[in-house]
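Report on the structure given below.
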Amino acid sequence: MLKRYKNTSMIDKKQLALDLNLIREKSPLVHNITNYVVMNNTANALLAIGASPVMAHAVEEVTDMVAIASVLVINMGTLSEKWVDAMLLAGKAAVEKGIPVVFDPVGVGATPYRNQVAALIIKQCKPSIIRGNASEIMALAKENVSTKGVDSTASSNAALEGAKRLAQETDAVVVISGEEDFITDGKTVYSVKNGSPLMPKVTGMGCTATAMVGAFAAVNKDMLVAATYAMTTMGVAGELAAQQAKGPGTMQLHFIDALYNLTAETLVENAKIG
Amino acid sequence: MLKRYKNTSMIDKKQLALDLNLIREKSPLVHNITNYVVMNNTANALLAIGASPVMAHAVEEVTDMVAIASVLVINMGTLSEKWVDAMLLAGKAAVEKGIPVVFDPVGVGATPYRNQVAALIIKQCKPSIIRGNASEIMALAKENVSTKGVDSTASSNAALEGAKRLAQETDAVVVISGEEDFITDGKTVYSVKNGSPLMPKVTGMGCTATAMVGAFAAVNKDMLVAATYAMTTMGVAGELAAQQAKGPGTMQLHFIDALYNLTAETLVENAKIG
Amino acid sequence: MLKRYKNTSMIDKKQLALDLNLIREKSPLVHNITNYVVMNNTANALLAIGASPVMAHAVEEVTDMVAIASVLVINMGTLSEKWVDAMLLAGKAAVEKGIPVVFDPVGVGATPYRNQVAALIIKQCKPSIIRGNASEIMALAKENVSTKGVDSTASSNAALEGAKRLAQETDAVVVISGEEDFITDGKTVYSVKNGSPLMPKVTGMGCTATAMVGAFAAVNKDMLVAATYAMTTMGVAGELAAQQAKGPGTMQLHFIDALYNLTAETLVENAKIG
């Protein structure tokens with residue numbers, strides 16, 4: 001069984017640099033069961049940071065794929081029955097094997113079906129980390145929130161109390177991404193102030209963040225720290241990309257380039273972790 | 001029940017500007033049941049113009065998603081049984097709720113299955129707007145046309161009579177996109193002369209046009225006008241993007257940037273609506 | 001029945017130029033049953049080189065689509081039961097019709113399910129060409145190889161003996177892509193030394209290569225030559241794109257532009273076929 005996080009979590013910029021380099025050195029296999037919209041971006045972002053992505057969703061093979069993976073990322077952006085079966089099967093195999101499960105509850109709160117599936121995944125796959133936008137985290141935490149599709153209508157700050165409670169209830173680290181990201185295990189709260197306003201204008205940037213959390217969780221057993229480093233990496237790459245971009249179209253590509261060209265030095269220099 | 005269009009349809013450049021701004025202000029939820037090839041582009045284009053895209057295709061949730069959506073876009077590019085079930089279910093819910101259904105009959109005419117599914121969707125989902133290339137519209141109108149896969153082999157002009165008849169038979173506004181776009185309710189015909197030859201070289205540009213039609217149909221109840229404005233917006237953004245592009249690859253990204261950066265003034269100035 | 005290859009295969013740069021131009025002139029319909037991650041890239045690459053891509057996977061229509069296609073490309077990147085049914089159905093229809101089947105055994109060796117499906121496809125769809133990375137080809141040839149997901153962990157050279165044996169056993173031309181590509185019918189071996197180290201950093205570049213093989217196989221009945229020309233075209237476009245790219249993100253788009261702008265002269269000048 002995975003030790004999810006230590007109470008001694010320390011955010012340490014040297015460790016941030018080491019973990020980025022560790023991803024590139026070990027190239028951990030990140031098994032994604034994710035949505036159709038973002039598969040390409042997710043795979044490219046994972047390749048760019050140095051991880052090895054694989055997408056597989058057949059019930060016939062997900063447990064075998066989990067067996068060779070370092071982390072499982074479950075994203076419920078485009079659900080259907082068979083995919084949910086595969087998510088649950090893979091999630092349970094990951095728990096049994098003791099690798100982290102990272103869960104992205106895309107659009108939870110928008111429909112009863114999404115609420116049911118999210119509850120099932122949390123119960124059966126015991127995610128080590130849950131990452132969503134403020135609306136999604138509030139919906140999971142059963143805070144009052146009006147959801148509109150998959151985009152957030154709430155602020156990260158408003159969702160923080162819900163995130164803490166959700167973390168305590170689920171024993172998962174909870175990440176709220178937004179203008180300022182919050183990462184909490186229910187007690188400690190870290191915040192990341194990196195990023196660019198162009199990021200939410202690119203579809204699936206949140207899903208990419210979840211996959212990035214997966215990559216960092218594959219090389220650092222402290223889930224609170226891993227999630228914080230991943231969000232920092234996303235934010236710094238986003239800032240660098242935004243300097244080149246003329247809109248969300250070019251942003252998408254410069255973001256992948258920025259991840260690929262990101263040195264540990266640049267990452268550490270620009271990190272705004274609080 | 002939605003009043004589909006008024007006989008008094010007026011193409012008015014001030015209204016074009018207002019509708020663009022209205023999309024950005026209201027950020028209408030556009031529910032897409034679309035094909036795997038274009039989901040990412042479609043979502044990015046809708047975000048770039050200011051709408052809020054959602055992709056959901058599970059029979060378990062499509063009616064709930066329609067309930068919070070402003071418009072439903074059905075695109076049959078990559079069909080299969082379950083997806084067709086979801087399309088019909090969602091389409092009927094949209095009709096009942098009185099929101100527009102925009103239909104893209106991708107590749108109709110290429111296989112009997114596509115013809116059957118298109119007929120079912122038109123019958124059961126009563127689309128307010130149907131958008132296709134000339135071959136597809138001719139196939140729907142049962143004109144003689146040899147179809148080759150999903151690309152058009154016919155010209156828009158050749159398809160216009162079929163489009164008019166199809167509009168009359170189905171009570172839908174019909175859009176033929178091509179070098180010159182035609183938009184008709186069976187009586188009035190508008191044409192849009194904006195665009196770039198690079199656009200058909202980017203896969204899914206037609207599907208993006210259909211989604212854009214959805215965004216405009218969400219803010220203007222006159223379907224003939226909404227479709228005309230959407231095609232104009234596509235064409236103008238395409239022209240601006242082509243000035244930056246060195247081929248269909250960079251075109252794709254500059255197009256998203258152009259949509260994002262498009263001001264109402266630029267749109268109106270460059271609009272070539274006849 | 002298709003004559004798969006002649007013993008008189010000749011690599012001829014004039015023919016390379018002619019075949020590129022033939023794709024643009026005839027715009028052959030390439031029917032792809034491929035994975036979710038790469039559909040968009042595949043379609044764009046085929047459009048850029050001048051072919052006409054179609055994606056269709058419903059058992060209700062794949063045989064009808066094969067009936068109007070010039071070549072069938074089967075890629076098993078993201079498998080599931082229904083898709084496998086469609087692949088087998090389409091493959092058998094293609095064999096019966098006598099058009100080439102090009103097979104990409106993505107991730108074979110990673111899970112037993114992938115091994116079973118690959119074996120089924122090879123048996124029932126009798127591919128004219130099989131293209132994979134070194135790990136995949138070694139897995140198919142039952143060489144000892146440790147596979148990690150869908151990325152190659154072996155070198156092309158190491159896989160060459162396996163490729164030859166696989167070609168002899170299956171009567172298919174086998175392509176190993178890597179830093180140096182090898183193309184063999186079990187007797188003759190061609191090699192292509194074009195390409196860029198950025199190519200494997202873009203997800204689905206291998207899948208794009210397979211689709212490109214499909215486009216060339218649609219205009220040249222000599223499968224060994226067609227596959228060699230396709231890999232050359234990929235490599236030359238990759239080199240040109242890499243000169244513009246600042247990372248794998250921009251690489252992706254410049255690659256599509258390079259394919260689109262590639263003249264027969266540039267192709268021939270830069271080709272490094274051995």
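Chain lettering (A, B, ...) mirrors the order of the structure tokens, residue numbering begins at 1 for each chain separately, and ligand numbering begins at 1 in order of display.
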
Distance query Glu25 (chain B) at most 10 Å, only C-alpha atoms, self and fewer than 4 positions along chain excluded, as a list in words: Asp19, Leu20, Asn21, Gly50 and Ala51 of chain B

Those same residues, written as a PDB file, in the first residue's frame with C-alpha atoms?
```
ATOM      1  CA  ASP B  19     -24.029  38.953 -31.974  1.00  0.00           C
ATOM      2  CA  LEU B  20     -20.269  38.410 -31.808  1.00  0.00           C
ATOM      3  CA  ASN B  21     -20.139  40.480 -28.653  1.00  0.00           C
ATOM      4  CA  GLY B  50     -16.149  33.142 -26.494  1.00  0.00           C
ATOM      5  CA  ALA B  51     -18.625  30.266 -26.207  1.00  0.00           C
TER       6      ALA B  51
END
```

Compile a residue-level contact table for chain B against chain A at a cut-off of 7 Å, reporting for every qualifying residue the shortest atom pair and its distance in Å to one decimal, with only C-alpha atoms counted, rows ordered by chain and ascending number, as a tab-separated table.
```
residue	atom	partner	partner_atom	distance
B:Leu29	CA	A:Gly149	CA	6.9
B:Tyr36	CA	A:Tyr36	CA	6.5
B:Met39	CA	A:Val37	CA	5.2
B:Asn40	CA	A:Val37	CA	4.8
B:Ala43	CA	A:Thr203	CA	6.2
B:Asn44	CA	A:Thr203	CA	5.6
B:Leu47	CA	A:Lys201	CA	6.1
B:Ala48	CA	A:Lys201	CA	6.8
B:Val54	CA	A:Gly149	CA	5.8
B:Met55	CA	A:Thr78	CA	6.6
B:Ala56	CA	A:Thr78	CA	5.6
B:Ala58	CA	A:Ser80	CA	4.9
B:Glu60	CA	A:Tyr113	CA	6.3
B:Glu61	CA	A:Tyr113	CA	5.8
B:Asp64	CA	A:Thr111	CA	5.7
B:Met65	CA	A:Thr111	CA	6.4
B:Leu253	CA	A:Gly249	CA	4.2
B:His254	CA	A:Gly249	CA	6.2
B:Ile256	CA	A:Gly249	CA	4.8
B:Asp257	CA	A:Gly247	CA	4.4
B:Tyr260	CA	A:Gly247	CA	6.4
```

Requested write-out: N, CA and C atoms of the selected residues, as a PDB file, in the first residue's frame:
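As written to disk, selection.pdb reads:
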```
ATOM      1  N   LEU B  29     -23.499  27.849 -23.537  1.00  0.00           N
ATOM      2  CA  LEU B  29     -23.022  26.463 -23.494  1.00  0.00           C
ATOM      3  C   LEU B  29     -23.449  25.752 -24.777  1.00  0.00           C
ATOM      4  N   TYR B  36     -14.523  12.101 -33.411  1.00  0.00           N
ATOM      5  CA  TYR B  36     -13.239  12.029 -32.717  1.00  0.00           C
ATOM      6  C   TYR B  36     -12.154  12.899 -33.353  1.00  0.00           C
ATOM      7  N   MET B  39     -12.765  16.928 -32.326  1.00  0.00           N
ATOM      8  CA  MET B  39     -13.221  17.405 -31.012  1.00  0.00           C
ATOM      9  C   MET B  39     -12.337  18.503 -30.441  1.00  0.00           C
ATOM     10  N   ASN B  40     -11.041  18.306 -30.563  1.00  0.00           N
ATOM     11  CA  ASN B  40     -10.127  19.287 -29.979  1.00  0.00           C
ATOM     12  C   ASN B  40     -10.247  20.637 -30.678  1.00  0.00           C
ATOM     13  N   ALA B  43     -13.631  22.349 -29.845  1.00  0.00           N
ATOM     14  CA  ALA B  43     -13.645  22.934 -28.502  1.00  0.00           C
ATOM     15  C   ALA B  43     -12.810  24.207 -28.479  1.00  0.00           C
ATOM     16  N   ASN B  44     -11.649  24.174 -29.107  1.00  0.00           N
ATOM     17  CA  ASN B  44     -10.794  25.360 -29.111  1.00  0.00           C
ATOM     18  C   ASN B  44     -11.409  26.514 -29.883  1.00  0.00           C
ATOM     19  N   LEU B  47     -14.166  28.007 -27.680  1.00  0.00           N
ATOM     20  CA  LEU B  47     -13.546  28.803 -26.611  1.00  0.00           C
ATOM     21  C   LEU B  47     -13.014  30.117 -27.171  1.00  0.00           C
ATOM     22  N   ALA B  48     -12.391  30.047 -28.344  1.00  0.00           N
ATOM     23  CA  ALA B  48     -11.749  31.231 -28.919  1.00  0.00           C
ATOM     24  C   ALA B  48     -12.774  32.303 -29.279  1.00  0.00           C
ATOM     25  N   VAL B  54     -19.084  21.995 -24.553  1.00  0.00           N
ATOM     26  CA  VAL B  54     -19.052  20.760 -23.782  1.00  0.00           C
ATOM     27  C   VAL B  54     -19.268  19.601 -24.751  1.00  0.00           C
ATOM     28  N   MET B  55     -18.506  18.534 -24.545  1.00  0.00           N
ATOM     29  CA  MET B  55     -18.643  17.313 -25.331  1.00  0.00           C
ATOM     30  C   MET B  55     -19.165  16.235 -24.392  1.00  0.00           C
ATOM     31  N   ALA B  56     -20.293  15.653 -24.725  1.00  0.00           N
ATOM     32  CA  ALA B  56     -20.832  14.567 -23.911  1.00  0.00           C
ATOM     33  C   ALA B  56     -21.688  13.710 -24.805  1.00  0.00           C
ATOM     34  N   ALA B  58     -22.740  10.192 -23.649  1.00  0.00           N
ATOM     35  CA  ALA B  58     -23.309   9.022 -22.979  1.00  0.00           C
ATOM     36  C   ALA B  58     -24.828   9.142 -22.954  1.00  0.00           C
ATOM     37  N   GLU B  60     -26.570   8.063 -20.864  1.00  0.00           N
ATOM     38  CA  GLU B  60     -26.912   8.309 -19.457  1.00  0.00           C
ATOM     39  C   GLU B  60     -26.956   9.798 -19.109  1.00  0.00           C
ATOM     40  N   GLU B  61     -26.381  10.642 -19.941  1.00  0.00           N
ATOM     41  CA  GLU B  61     -26.309  12.048 -19.511  1.00  0.00           C
ATOM     42  C   GLU B  61     -26.675  13.074 -20.571  1.00  0.00           C
ATOM     43  N   ASP B  64     -29.557  15.407 -19.771  1.00  0.00           N
ATOM     44  CA  ASP B  64     -29.223  16.353 -18.697  1.00  0.00           C
ATOM     45  C   ASP B  64     -28.313  17.471 -19.206  1.00  0.00           C
ATOM     46  N   MET B  65     -27.439  17.126 -20.128  1.00  0.00           N
ATOM     47  CA  MET B  65     -26.540  18.148 -20.663  1.00  0.00           C
ATOM     48  C   MET B  65     -27.326  19.114 -21.561  1.00  0.00           C
ATOM     49  N   LEU B 253      -3.591  26.831 -36.230  1.00  0.00           N
ATOM     50  CA  LEU B 253      -3.364  27.576 -34.984  1.00  0.00           C
ATOM     51  C   LEU B 253      -3.644  29.050 -35.151  1.00  0.00           C
ATOM     52  N   HIS B 254      -3.215  29.585 -36.291  1.00  0.00           N
ATOM     53  CA  HIS B 254      -3.489  31.002 -36.535  1.00  0.00           C
ATOM     54  C   HIS B 254      -4.995  31.241 -36.643  1.00  0.00           C
ATOM     55  N   ILE B 256      -7.319  29.733 -34.876  1.00  0.00           N
ATOM     56  CA  ILE B 256      -7.823  29.852 -33.491  1.00  0.00           C
ATOM     57  C   ILE B 256      -7.438  31.223 -32.919  1.00  0.00           C
ATOM     58  N   ASP B 257      -6.202  31.622 -33.161  1.00  0.00           N
ATOM     59  CA  ASP B 257      -5.780  32.958 -32.706  1.00  0.00           C
ATOM     60  C   ASP B 257      -6.647  34.052 -33.328  1.00  0.00           C
ATOM     61  N   TYR B 260      -9.947  34.320 -31.746  1.00  0.00           N
ATOM     62  CA  TYR B 260      -9.813  34.865 -30.390  1.00  0.00           C
ATOM     63  C   TYR B 260      -9.600  36.377 -30.423  1.00  0.00           C
TER      64      TYR B 260
END
```

When distances are computed from only C-alpha atoms, which of B:Ala215, B:Ala242, B:Leu89, B:Ala227 shows the smallest separation from His31 (chain B)?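 Checking each candidate against His31 (chain B), we get B:Ala215 as the closest.
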
So, with only C-alpha atoms as the atoms that count, which of B:Lys92, B:Lys82, B:Arg24, B:Lys14 lies closest to Leu262 (chain B)?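 Checking each candidate against Leu262 (chain B), we get B:Arg24 as the closest.
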
Grab the CA of Ser70 (chain B) to CA of Val106 (chain A) distance for me, in Å with one decimal place.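 Between CA of Ser70 (chain B) and CA of Val106 (chain A) the gap works out to 19.7 Å.
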
Can you pull out every residue from region 59-267 of chain A that DSSP, working from the backbone, puts in alpha helix (DSSP H), and format the result as number ranges by chain? A: 62-68, 81-97, 112-125, 134-140, 156-170, 205-217, 223-244, 248-261, 264-267

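Between CA of Met234 (chain C) and CA of Lys164 (chain C) the interatomic distance comes to 22.2 Å.
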
With only C-alpha atoms as the basis for distance, which of A:Trp83, A:Phe216, A:Tyr190, A:Phe182 is at the shortest distance from Val30 (chain A)?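 When distances to Val30 (chain A) are compared using only C-alpha atoms, the smallest one comes from A:Phe216.
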
Near Ala90 (chain A), within 8 Å and counting only C-alpha atoms, which residues show up once chain neighbours fewer than 3 positions away are dropped, as a PyMOL selection string? chain A and resi 62-63+66+72+86-87+93-94

Exercise: Tyr229 (chain C) partners within 8 Å, only C-alpha atoms, chain neighbours under 3 positions left out, as a ChimeraX atom specification: /C:16,213,216,225-226,232-233

Residues at most 9 Å from Ala158 (chain A), counting only C-alpha atoms, excluding those fewer than 3 positions away in the same chain, as a PDB file with C-alpha atoms, in the first residue's frame?
```pdb
ATOM      1  CA  ALA A 134     -13.041  25.381  -8.465  1.00  0.00           C
ATOM      2  CA  MET A 138     -16.956  22.427  -4.951  1.00  0.00           C
ATOM      3  CA  ALA A 154     -16.242  29.760  -9.231  1.00  0.00           C
ATOM      4  CA  SER A 155     -12.937  31.057  -7.877  1.00  0.00           C
ATOM      5  CA  GLU A 161     -12.673  25.065   2.313  1.00  0.00           C
ATOM      6  CA  GLY A 162     -14.443  22.410   0.263  1.00  0.00           C
TER       7      GLY A 162
END
```

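Of all the residues in region 36-155 of chain C, the ones DSSP labels as strand (DSSP E or B) from the backbone are Ser52, Pro53, Val54, Met55, Val71, Leu72, Val73, Ile74, Asn75, Val101, Val102, Phe103, Asp104, Ile129, Ile130, Arg131, Gly132, Asn133, Lys148 and Asp151 of chain C.
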